[in-house]
Every structure is written in structure tokens, then in C-alpha cells.
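Chemist: Quick one: the structure is below, and I'll ask about it shortly.
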Amino acid sequence: MFHLAIRGGKPIRRKTFPFYATVGKEEKKALGRVIDSGVLSKFLGSWHKDFYGGPEIRKLETQWARFFKIKHAIAVNSATSGLYCAVGAVGIEPGDEVIVSPYTMSASATSPIIWGGVPVFADIEEDFFCLDPRSVEERLTSRTKAIIIVDLFGQPYDVQRITAIARKKGIPVIEDAAQATAATYRDRYAGTLGDLGVFSLNCHKHIQSGEGGVVVTNDDRLAERVRLIRNHAEAVVREKGEKDIVNMVGFNFRMTELEAAVNQCQLKKLSRFVRTRVANCEYLSRQLRNIPALILPKVRPYASHVYYMQPFRWNSEAAGFDRHTFVEAVRAELAPTQKNEDFGVRIWEGYCKPLYLLPMYQKKIAIGTKGYPFLGPQYTGSVDYSKGICPVAEQMYEKELFTSDLMTPGFTTRDLDDVVMAFQKVWKYREELG
Ligand SMILES: *Cc1c(COP(=O)(O)O)cnc(C)c1O
């Protein structure tokens, strides 16, 4: 008779875990207010007072700027479009290199490409999974024009060292804070630590309006360029009197009044959601300390972590068996999450394949058929996307890292204890794994 569910034993839990429900009566009421007004968007793509959007957009932007203690907050329809605006605003052009992490959601690295820039991947830190300053330094060339930093899993990057590198080189830092809304470094919020920051309001993030994003900056000029790219810049610059028309190719990246109204309610709940999530993750970490092969998430000095996901590392040598064996056995003990049943148990191995291994980079085919922007004539470097360029990211993906989101607000202590029991049971009966 085996104990482990993966060997036919009785699982710890069959009942689904609670769905992360962030919207409720406040959002319903706010949506009603917008529907009653009849104005679902007020943006106008020409030089007019409505170029900056309607009342709900303005309110959200004011509230966001106040909360995050920053001068400008600019609402967009996703973090992806926010990154496109940010990279365009700092003036990236064909032939420029932008240093970025390969261990992130793909949009962090596509944002230079759409302006003709070439992503250069630097490796990540073993402990915190953000860009490793030493690797960033090694990747600098005369063509490096920006660094895109990602606050992966919910904690800020190495602000001091990355800022020092960027200052010395005279280039901007764009902070992808999509996973780190309300995380802090010393007395500042993630997203406000670089020259421009980008937040996501998609349905997977801490707070949401289905889709959405916000760009923040203290720089008046960059803010105005972001607003232009958000809303058909090319049709606006003349009447507005903009002399610098570089990258003033506009998009429609506008958020609707409906989403802006929902996000005002979400912002009010942010601190509460984050507090609960952090408490849940800290509880889990405390209860799992006795499993020697499990490396618990570490928090950078002076930083707070908001755990978009809870990242664990598996030490196969200490365990005597690999990550996959452990994770599959834990998953077999647990149940899916409500409304996400097809995803199975929400514990995943590897997070994401290092981005340079995607076909776009391997084949150097992105825009058109002729290798733009990776091959000349404007690009005079020769970027390397071979396997092996970022050994730490590859090690995390292939062998060590797994993530869990079985800790979102709405989980009771009993729900969390089931997760703990699954980990503990697999470790206790590990001999059954063979
Ligand atoms: C979610 C995410 C994005 C993209 O967000 P969207 O709002 O869906 O465009 C970008 N970067 C990171 C690190 C993310 O997690």
C-alpha cells in the first residue's frame, strides 16, 4: 500500500481551491455610473482637450500618481502597450541595443523590437531572479541605449547597482513592474524606481480591469511623449506644436472609461490584497522550512515582495531526485482552482523558457522576412541568442524553479494547510517515488 496519491494513495484534497475574486459591488456600481453617463470613452486622436481622455481616465491617473507618489501616471490598455510607449518615448531607434532579462513575459523583450531596437539578453540573479548587474555590465556596448528591468514575481530589482550602471552610461532604465504592483524598495514603490515604470491591470495581476496598464514617470517630457504614442501622435504633433517628432508614430493604446472606473475601485483594495497575499506566502514559507531540498523565496534587503507568484527552488542533489518528480507528486495530492479547472493544480515548473530560445530570436525573423531588426544595415552589432548565454536563467527553467499561486487572497488557513500537507506528505514518503 502506497501513501502518495501519485502511487495510487488517497490525495490530500479533491475540492477546488478558491478563485481569486477581485471585483464586486463597488466595481458594479462604478460601471453603472459610466453606463448611465453614456460616455464609454472620451479620447480624441487630435489636438483637443479630449486628447487626454475623459473624466474617469483623468481621475484614475490622478489617484494612481498620488498612491505611487509620482508626478505622472498615464493609463493605457495593457502593460504591453505601456512598454511600447515607454521604449518609444526614450527614443530607441533602429540599430540600438536594449538590455533585458530573458526570464520574463515575452512583451518585456518585444518592446524594443517594434521600434527597431535589438534586445540583448543578460542573465538573472540566482536568489531574486531579476537582472544580474554583473551580467548587465558585460553586455554593455557603444550601441546600448536602455535597460528594461523586470521586477520578477513581485520584488524590485537591485536598484543601487543597476542605477549606477545606467547613470555612468547615461541611459534610461525602464521598469517592468507588471508583477510588482505595490512592492517597495526603501521608501519608494516598484515602478517608480527607474526613469519610466509600467504596471499591468490584466486579469492575472494583483488588481485588474480585465485588461489595462499604467505608465508612470517623474519626467514631464517623457510623460508627454508616452501620451502622444498612446493616442495617434503623428496626427497631433503639428497642432500641439511638438518639434521633436522622433518616434511620434502613434497607436490606439487608450483605456476606456469603463476600465478606468473599475481600476479606481481596484486601487482602493490594492493594499488589502497585497497584505493578505504576503501573509499567506509567509505562512507557507514558515510551514515548509523543514524540507531541506526546498529553497524558499528570498527577499532582497530593503525591499518588500508582493508575490505575484511564490517562487520555490528545488535542490535535486539534496533531495536525491529531480524537480519534476517532486512537483508531479505534490500536484497529484491537490486540486485545481475554481474557474481554472483546465489548468490543473496551479503549481508550475520552470516559469518560462528563456526568451532567446523562442523561434523569433533563433531564426532572427521578427518584422518582415529580411531579419529586421537583428541584421544590418542599421544594426552594426551581432547579437548572440545561442543556448548557454544566460546559464542561470536556463538552470532555473530546466531544473530548479517552480512557482505556485495557491496563496491568493480568499484562501483560508485550511486551504493553505492543505498545500503545506501536500508538500510535507511527498517529502515524508519520498521513498515511494522510487
Ligand atoms: C503580465 C506581464 C506583462 C504584460 O501585461 P499585459 O497587461 O497583459 O500586457 C508584461 N510584463 C510582465 C513581467 C508581466 O508579468
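Starting from 1 in every chain, residues are counted up; chains themselves are A, B, ... following the order of the C-alpha cells, and ligands are numbered from 1 as listed.
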Extract, using only C-alpha atoms, all DNA, RNA and protein residues at most 6 Å from A:Ala233, discarding same-chain residues fewer than 2 positions from it, and format them as a PDB file with N, CA and C atoms, in the first residue's frame.
Modeler:
```
ATOM      1  N   LEU A 228       1.465  60.939 -26.223  1.00  0.00           N
ATOM      2  CA  LEU A 228       1.360  61.065 -27.680  1.00  0.00           C
ATOM      3  C   LEU A 228       1.341  59.691 -28.359  1.00  0.00           C
ATOM      4  N   ILE A 229       2.257  58.824 -27.948  1.00  0.00           N
ATOM      5  CA  ILE A 229       2.307  57.493 -28.576  1.00  0.00           C
ATOM      6  C   ILE A 229       1.029  56.717 -28.263  1.00  0.00           C
ATOM      7  N   ASN A 231      -1.859  57.824 -28.242  1.00  0.00           N
ATOM      8  CA  ASN A 231      -3.035  58.323 -28.940  1.00  0.00           C
ATOM      9  C   ASN A 231      -2.676  59.058 -30.238  1.00  0.00           C
ATOM     10  N   ALA A 235      -0.808  62.438 -35.787  1.00  0.00           N
ATOM     11  CA  ALA A 235      -1.921  63.300 -36.195  1.00  0.00           C
ATOM     12  C   ALA A 235      -2.070  64.511 -35.281  1.00  0.00           C
ATOM     13  N   VAL A 236      -1.217  64.584 -34.240  1.00  0.00           N
ATOM     14  CA  VAL A 236      -1.412  65.575 -33.186  1.00  0.00           C
ATOM     15  C   VAL A 236      -0.255  66.574 -33.096  1.00  0.00           C
ATOM     16  N   MET A 248       7.262  59.586 -33.083  1.00  0.00           N
ATOM     17  CA  MET A 248       5.881  60.050 -32.875  1.00  0.00           C
ATOM     18  C   MET A 248       4.945  59.364 -33.880  1.00  0.00           C
ATOM     19  N   VAL A 249       5.054  58.038 -33.870  1.00  0.00           N
ATOM     20  CA  VAL A 249       4.142  57.182 -34.621  1.00  0.00           C
ATOM     21  C   VAL A 249       3.159  56.690 -33.580  1.00  0.00           C
ATOM     22  N   GLY A 250       1.929  57.084 -33.707  1.00  0.00           N
ATOM     23  CA  GLY A 250       1.009  56.781 -32.627  1.00  0.00           C
ATOM     24  C   GLY A 250       0.282  55.472 -32.821  1.00  0.00           C
TER      25      GLY A 250
END
```
Chemist: Excluding stretch 50-56 of chain A and residues on its chain fewer than 4 positions from it, collect all residues at most 10 Å away from it, counting only C-alpha atoms, and give them as a PyMOL selection string.
Modeler: chain A and resi 30+34+39-46+60-62+74-75+227-228+230-232+236+254-264
Chemist: I need the residue nearest A:Ile113 from this list: A:Lys15, A:Arg238, A:Lys364, A:Arg289. Use only C-alpha atoms for the distance.
Modeler: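 Under the stated criterion, the closest residue is A:Lys364.
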Chemist: Counting only C-alpha atoms and all ligand atoms, name the residues that have an atom within 8 Å of an atom of ligand 1; the answer should be given as a list of chain:residue names.
Modeler: A:Asn77, A:Ser78, A:Ala79, A:Thr80, A:Ser81, A:Gly82, A:Leu83, A:Thr104, A:Met105, A:Ser106, A:Ala107, A:Ser108, A:Val150, A:Asp151, A:Leu152, A:Phe153, A:Asp176, A:Ala177, A:Ala178, A:Gln179, A:Phe199, A:Ser200, A:Leu201, A:Asn202, A:His204, A:Lys205, A:Glu211, A:Gly212, A:Gly213
Chemist: Using only C-alpha atoms, which of A:His324, A:Arg331, A:Arg186, A:Lys240 sits nearest A:Asp418?
Modeler: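 Under the stated criterion, the closest residue is A:Arg331.
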Chemist: May I ask which of the residues A:Ile99, A:Ala86, A:Ala122, A:Ile148 is the closest one to A:Ile389, counting only C-alpha atoms?
Modeler: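 Among the listed residues, A:Ala122 lies closest to A:Ile389.
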Chemist: For A:Thr412, which residue out of A:Trp115, A:Tyr283, A:Trp47, A:Tyr157 is the nearest one, using only C-alpha atoms?
Modeler: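 Comparing A:Trp115, A:Tyr283, A:Trp47, A:Tyr157 against A:Thr412, the winner is A:Tyr283.
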Chemist: Can you tell me, as JSON, numbers by chain, what residues are no more than 9 Å from A:Val159 when counting only C-alpha atoms, ignoring any on the same chain fewer than 2 positions away?
Modeler: {"A": [156, 157, 161, 162, 163, 164, 185, 193, 194]}
Chemist: Enumerate the residues of stretch 36-285 of chain A with a DSSP assignment of alpha helix (DSSP H), computed from the backbone, and present them as a count of residues only.
Modeler: 95
Chemist: If we count only C-alpha atoms, what is near A:Thr22 at a cut-off of 9 Å, once residues fewer than 2 positions away on the same chain are taken out, given as a PyMOL selection string?
Modeler: chain A and resi 20+24+206-208+266+269+273+409
Chemist: I need the chosen residues saved as a PDB file, in the first residue's frame, with all heavy atoms.
Modeler:
```
ATOM      1  N   TYR A  20      -9.491  33.661  -7.231  1.00  0.00           N
ATOM      2  CA  TYR A  20      -9.059  34.996  -6.777  1.00  0.00           C
ATOM      3  C   TYR A  20     -10.056  36.026  -7.310  1.00  0.00           C
ATOM      4  O   TYR A  20      -9.940  36.497  -8.434  1.00  0.00           O
ATOM      5  CB  TYR A  20      -7.642  35.272  -7.263  1.00  0.00           C
ATOM      6  CG  TYR A  20      -7.075  36.627  -6.876  1.00  0.00           C
ATOM      7  CD1 TYR A  20      -7.358  37.205  -5.630  1.00  0.00           C
ATOM      8  CD2 TYR A  20      -6.241  37.317  -7.739  1.00  0.00           C
ATOM      9  CE1 TYR A  20      -6.836  38.432  -5.274  1.00  0.00           C
ATOM     10  CE2 TYR A  20      -5.706  38.557  -7.395  1.00  0.00           C
ATOM     11  CZ  TYR A  20      -6.011  39.103  -6.164  1.00  0.00           C
ATOM     12  OH  TYR A  20      -5.486  40.329  -5.808  1.00  0.00           O
ATOM     13  N   GLY A  24     -16.385  43.249  -7.344  1.00  0.00           N
ATOM     14  CA  GLY A  24     -17.631  43.039  -6.615  1.00  0.00           C
ATOM     15  C   GLY A  24     -18.557  44.221  -6.764  1.00  0.00           C
ATOM     16  O   GLY A  24     -18.584  44.867  -7.814  1.00  0.00           O
ATOM     17  N   HIS A 206      -2.284  41.625  -9.626  1.00  0.00           N
ATOM     18  CA  HIS A 206      -2.796  41.897  -8.270  1.00  0.00           C
ATOM     19  C   HIS A 206      -4.151  42.599  -8.311  1.00  0.00           C
ATOM     20  O   HIS A 206      -5.053  42.262  -7.555  1.00  0.00           O
ATOM     21  CB  HIS A 206      -1.810  42.748  -7.481  1.00  0.00           C
ATOM     22  CG  HIS A 206      -0.548  42.020  -7.136  1.00  0.00           C
ATOM     23  ND1 HIS A 206       0.471  41.828  -8.028  1.00  0.00           N
ATOM     24  CD2 HIS A 206      -0.168  41.423  -5.987  1.00  0.00           C
ATOM     25  CE1 HIS A 206       1.444  41.145  -7.435  1.00  0.00           C
ATOM     26  NE2 HIS A 206       1.080  40.891  -6.191  1.00  0.00           N
ATOM     27  N   ILE A 207      -4.250  43.630  -9.144  1.00  0.00           N
ATOM     28  CA  ILE A 207      -5.548  44.277  -9.371  1.00  0.00           C
ATOM     29  C   ILE A 207      -5.759  44.371 -10.877  1.00  0.00           C
ATOM     30  O   ILE A 207      -4.796  44.328 -11.647  1.00  0.00           O
ATOM     31  CB  ILE A 207      -5.655  45.669  -8.702  1.00  0.00           C
ATOM     32  CG1 ILE A 207      -4.499  46.580  -9.136  1.00  0.00           C
ATOM     33  CG2 ILE A 207      -5.716  45.532  -7.183  1.00  0.00           C
ATOM     34  CD1 ILE A 207      -4.661  48.028  -8.675  1.00  0.00           C
ATOM     35  N   GLN A 208      -7.007  44.513 -11.307  1.00  0.00           N
ATOM     36  CA  GLN A 208      -7.292  44.328 -12.727  1.00  0.00           C
ATOM     37  C   GLN A 208      -8.558  45.032 -13.180  1.00  0.00           C
ATOM     38  O   GLN A 208      -9.433  45.385 -12.394  1.00  0.00           O
ATOM     39  CB  GLN A 208      -7.488  42.836 -12.980  1.00  0.00           C
ATOM     40  CG  GLN A 208      -8.606  42.252 -12.135  1.00  0.00           C
ATOM     41  CD  GLN A 208      -9.548  41.331 -12.900  1.00  0.00           C
ATOM     42  OE1 GLN A 208      -9.541  41.249 -14.120  1.00  0.00           O
ATOM     43  NE2 GLN A 208     -10.386  40.640 -12.158  1.00  0.00           N
ATOM     44  N   GLN A 266     -10.361  49.231  -7.778  1.00  0.00           N
ATOM     45  CA  GLN A 266      -9.310  48.246  -7.516  1.00  0.00           C
ATOM     46  C   GLN A 266      -8.149  48.852  -6.733  1.00  0.00           C
ATOM     47  O   GLN A 266      -7.601  48.215  -5.835  1.00  0.00           O
ATOM     48  CB  GLN A 266      -8.801  47.682  -8.859  1.00  0.00           C
ATOM     49  CG  GLN A 266      -9.844  46.841  -9.586  1.00  0.00           C
ATOM     50  CD  GLN A 266      -9.890  45.430  -9.058  1.00  0.00           C
ATOM     51  OE1 GLN A 266      -8.990  44.636  -9.285  1.00  0.00           O
ATOM     52  NE2 GLN A 266     -10.932  45.104  -8.321  1.00  0.00           N
ATOM     53  N   LYS A 269      -8.477  48.768  -3.136  1.00  0.00           N
ATOM     54  CA  LYS A 269      -8.363  47.448  -2.491  1.00  0.00           C
ATOM     55  C   LYS A 269      -6.930  46.914  -2.512  1.00  0.00           C
ATOM     56  O   LYS A 269      -6.647  45.879  -1.907  1.00  0.00           O
ATOM     57  CB  LYS A 269      -9.257  46.438  -3.223  1.00  0.00           C
ATOM     58  CG  LYS A 269     -10.714  46.816  -3.318  1.00  0.00           C
ATOM     59  CD  LYS A 269     -11.460  45.733  -4.103  1.00  0.00           C
ATOM     60  CE  LYS A 269     -12.930  46.076  -4.295  1.00  0.00           C
ATOM     61  NZ  LYS A 269     -13.606  45.041  -5.115  1.00  0.00           N
ATOM     62  N   PHE A 273      -5.331  43.557  -0.586  1.00  0.00           N
ATOM     63  CA  PHE A 273      -4.996  42.338  -1.332  1.00  0.00           C
ATOM     64  C   PHE A 273      -3.530  41.944  -1.129  1.00  0.00           C
ATOM     65  O   PHE A 273      -3.205  40.777  -0.944  1.00  0.00           O
ATOM     66  CB  PHE A 273      -5.219  42.548  -2.837  1.00  0.00           C
ATOM     67  CG  PHE A 273      -6.660  42.585  -3.268  1.00  0.00           C
ATOM     68  CD1 PHE A 273      -7.023  43.248  -4.437  1.00  0.00           C
ATOM     69  CD2 PHE A 273      -7.651  41.950  -2.527  1.00  0.00           C
ATOM     70  CE1 PHE A 273      -8.348  43.290  -4.859  1.00  0.00           C
ATOM     71  CE2 PHE A 273      -8.978  41.981  -2.935  1.00  0.00           C
ATOM     72  CZ  PHE A 273      -9.327  42.653  -4.108  1.00  0.00           C
ATOM     73  N   PRO A 409      -5.466  35.990  -2.061  1.00  0.00           N
ATOM     74  CA  PRO A 409      -6.498  36.385  -1.101  1.00  0.00           C
ATOM     75  C   PRO A 409      -7.776  35.584  -1.371  1.00  0.00           C
ATOM     76  O   PRO A 409      -8.146  35.389  -2.529  1.00  0.00           O
ATOM     77  CB  PRO A 409      -6.689  37.875  -1.401  1.00  0.00           C
ATOM     78  CG  PRO A 409      -5.369  38.323  -1.929  1.00  0.00           C
ATOM     79  CD  PRO A 409      -4.860  37.157  -2.733  1.00  0.00           C
TER      80      PRO A 409
END
```
Chemist: Compare A:Ile35, A:Ala146, A:Met407, A:Ala190 by their minimum atom-to-atom distance to A:Thr337, counting only C-alpha atoms, and give me the closest one.
Modeler: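 Smallest distance to A:Thr337 is found for A:Met407.
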Chemist: Could you pull out all residues of stretch 369-432 of chain A with a DSSP call of strand (DSSP E) and give them as a PyMOL selection string?
Modeler: chain A and resi 401-404
Chemist: Export N, CA and C atoms of the chosen residues as an mmCIF file, in the first residue's frame?
Modeler:
```
data_model
loop_
_atom_site.group_PDB
_atom_site.id
_atom_site.type_symbol
_atom_site.label_atom_id
_atom_site.label_comp_id
_atom_site.auth_asym_id
_atom_site.auth_seq_id
_atom_site.Cartn_x
_atom_site.Cartn_y
_atom_site.Cartn_z
ATOM 1 N N LEU A 401 13.553 25.908 -10.690
ATOM 2 C CA LEU A 401 12.487 26.769 -10.190
ATOM 3 C C LEU A 401 11.097 26.197 -10.426
ATOM 4 N N PHE A 402 10.228 26.358 -9.451
ATOM 5 C CA PHE A 402 8.796 26.157 -9.715
ATOM 6 C C PHE A 402 8.003 27.209 -8.955
ATOM 7 N N THR A 403 6.816 27.521 -9.463
ATOM 8 C CA THR A 403 6.030 28.591 -8.866
ATOM 9 C C THR A 403 4.655 28.066 -8.468
ATOM 10 N N SER A 404 4.083 28.741 -7.491
ATOM 11 C CA SER A 404 2.743 28.372 -7.045
ATOM 12 C C SER A 404 1.937 29.650 -6.858
#
```
Chemist: Near A:Phe374, counting only C-alpha atoms, which residues have an atom at most 7 Å away, once you skip same-chain residues fewer than 2 positions from it, shown as a ChimeraX atom specification?
Modeler: /A:118,364,371-372,376,379
Chemist: Go through A:Ala422, A:Tyr429, A:Glu97, A:Glu394 and flag the residue nearest A:Glu125, using only C-alpha atoms for the distances.
Modeler: A:Glu394
